[in-house]
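Chemist: Sharing a structure below in structure tokens format, with a few things to ask.
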Amino acid sequence: MKAVRRAVTLPVAFFKRPAEVVAAELLGMVIVSSVGGEISEGIIVETEAYLGYDDPASHGYLHRRNARNAALFGPPGTWYVYLSYGMHWCSNLVCQEIGLASAVLLRAAQPVKGLSVMRRRRGGVPDRQLCSGPGKLCQALGIDRGLDGAQMADSQVIVRPPQRREEIAVTVTPRVGITKAADWPLRFHLAGSPWVSRKEKGGRSSDLPP
DNA sequence: GCGCCGATTGGCT
DNA sequence: GCCAATCGGCGCC
């Protein structure tokens with residue numbers, strides 16, 4: 001009898017590190033959704049780091065905790081999903097340690113599998129825009145509040161390393177759509193990727209070891 | 001291609 | 001009231 005191939009996902013230890021490290025290393029990894037029994041999958045091309053209670057742009061700034069952001073204060077590897085502007089879901093993975101309120105926001109992905117599912121969920125927009133933003137990514141992958149608070153490895157949406165790790169170039173820019181600490185360079189994306197949420201306008205490129 | 005603006009919900013001042 | 005880790009449509013250059 002053949003050995004069953006177990007789904008390989010990231011260990012909790014991966015998330016037990018500073019959010020900016022996790023954010024950079026998530027680039028090039030694969031996000032796999034089986035929500036609703038339908039597989040859809042993409043390569044993560046854009047992320048943002050939120051550092052925790054010291055970060056004015058973090059929902060957990062100054063330990064501000066409420067019913068909505070409780071998952072952000074959970075253990076590393078926890079999904080934190082919240083509603084933005086009353087209509088878009090945004091997905092984060094908690095980093096570092098319990099209570100720090102540090103996380104990485106998934107901002108964009110390159111669709112690679114389940115394109116028809118994504119197109120249906122996204123209402124037939126051009127493929128380039130299926131996952132080119134945090135709200136779009138959630139809609140394409142079927143992510144909503146149902147994922148909030150789940151441990152990633154036990155959930156219907158997991159992240160795994162790519163089949164083979166290629167050398168990638170990461171560009172760092174300020175974060176998007178925030179007003180506080182808006183100049184902190186904590187947004188990361190694959191250099192030159194056409195699948196990101198907005199065009200590059202400057203930013204520093206650097207090579208990441210394989 | 002770029003910038004402005006409305007939609008819509010919930011938590012906070 | 002006011003604001004927000006957004007999106008898509010519209011007007012204008």
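Order determines the names: the first chain of the structure tokens is A, the second B, and so forth; residues in each chain are numbered 1 upward, and ligands are numbered 1 upward as they are shown.
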Give me, as CSV, the closest atom pair and its distance (Å, one decimal) for every residue of chain B within a cut-off of 12 Å of chain A, counting only C-alpha atoms (C1' of nucleotides), rows sorted by chain and rising number.

Modeler:
residue,atom,partner,partner_atom,distance
B:DG1,C1',A:Lys199,CA,11.2
B:DC2,C1',A:Lys199,CA,12.0
B:DG6,C1',A:Tyr85,CA,11.6
B:DA7,C1',A:Met87,CA,8.4
B:DT8,C1',A:Gly86,CA,4.7
B:DT9,C1',A:Gly86,CA,3.9
B:DG10,C1',A:Gly86,CA,7.7
B:DG11,C1',A:Asn66,CA,8.7
B:DC12,C1',A:Arg64,CA,10.7

Chemist: Please produce a file of those selected residues containing C-alpha atoms (C1' of nucleotides), as a PDB file, in the first residue's frame.

Modeler:
ATOM      1  C1'  DG B   1      -3.306  56.005 -16.337  1.00  0.00           C
ATOM      2  C1'  DC B   2      -4.543  58.565 -12.286  1.00  0.00           C
ATOM      3  C1'  DG B   6     -19.517  56.381  -2.421  1.00  0.00           C
ATOM      4  C1'  DA B   7     -20.818  51.931  -0.371  1.00  0.00           C
ATOM      5  C1'  DT B   8     -21.471  49.744   4.312  1.00  0.00           C
ATOM      6  C1'  DT B   9     -20.514  47.816   9.113  1.00  0.00           C
ATOM      7  C1'  DG B  10     -19.008  48.035  13.752  1.00  0.00           C
ATOM      8  C1'  DG B  11     -16.261  49.869  17.373  1.00  0.00           C
ATOM      9  C1'  DC B  12     -14.655  53.818  19.522  1.00  0.00           C
TER      10       DC B  12
END

Chemist: Which residues of chain A are close to chain C, meaning at most 9 Å apart when you count only C-alpha atoms (C1' of nucleotides), and how do they look as a list of chain:residue names?

Modeler: A:Glu48, A:Tyr50, A:Ala57, A:Ser58, A:His59, A:Ser84, A:Tyr85, A:Met87, A:His88, A:Trp89, A:Cys90, A:Leu105, A:Gly133, A:Pro134, A:Gly135, A:Lys136, A:Arg175, A:Val176, A:Gly177, A:Ile178

Chemist: Mind pulling up the distance from CA of Arg160 in chain A to CA of Ile31 in chain A?

Modeler: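 Distance between the two atoms: 6.5 Å.
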
Chemist: Give the helix (DSSP H, G or I) residues of range 53-155 of chain A, as assigned by DSSP on the backbone, as a PyMOL selection string.

Modeler: chain A and resi 61-63+70-73+115-122+127-129+134-141+145-147+152-154

Chemist: Among the residues of range 66-192 of chain A, find those DSSP assigns to strand (DSSP E or B) from the backbone and print them as an NGL selection string.

Modeler: :A and (78-84 or 88-95 or 102-113 or 151 or 157-160 or 168-173 or 187-190)

Chemist: Between CA of Val104 in chain A and CA of Val21 in chain A, what is the spacing in Å?

Modeler: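 According to the coordinates, CA of Val21 in chain A and CA of Val104 in chain A are separated by 9.6 Å.
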
Chemist: At a cut-off of 12 Å, using only C-alpha atoms (C1' of nucleotides), what residues contact Leu147 in chain A? Leave out same-chain residues fewer than 5 positions from it and give the result as a PyMOL selection string.

Modeler: chain A and resi 33-35+71+78-82+89-93+138+141-142+152-158

Chemist: Okay, now the selection with C-alpha atoms, as a CSV table (one decimal), in the first residue's frame?

Modeler:
chain,number,residue,atom,x,y,z
A,33,SER,CA,-8.2,26.9,0.1
A,34,SER,CA,-10.7,24.0,0.3
A,35,VAL,CA,-13.6,26.2,1.5
A,71,ALA,CA,-7.9,36.3,17.3
A,78,THR,CA,-3.8,31.7,14.1
A,79,TRP,CA,-6.0,33.2,11.4
A,80,TYR,CA,-7.2,36.7,12.1
A,81,VAL,CA,-9.9,37.7,9.7
A,82,TYR,CA,-11.8,41.0,9.9
A,89,TRP,CA,-12.7,40.6,4.4
A,90,CYS,CA,-9.0,40.8,5.2
A,91,SER,CA,-6.9,37.8,6.2
A,92,ASN,CA,-3.9,37.8,8.6
A,93,LEU,CA,-1.7,35.2,10.2
A,138,CYS,CA,-10.3,36.7,0.4
A,141,LEU,CA,-10.4,32.0,-1.9
A,142,GLY,CA,-13.7,32.0,-0.1
A,152,MET,CA,-4.0,27.6,10.2
A,153,ALA,CA,-2.9,24.0,10.2
A,154,ASP,CA,-6.3,22.8,11.2
A,155,SER,CA,-8.3,25.1,8.9
A,156,GLN,CA,-9.7,25.0,5.4
A,157,VAL,CA,-7.1,27.5,4.3
A,158,ILE,CA,-3.4,26.5,4.7

Chemist: Report the distance between CA of Val22 in chain A and CA of Pro194 in chain A in Å, rounded to one decimal place.

Modeler: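 Value for the CA of Val22 in chain A-CA of Pro194 in chain A distance: 21.9 Å.
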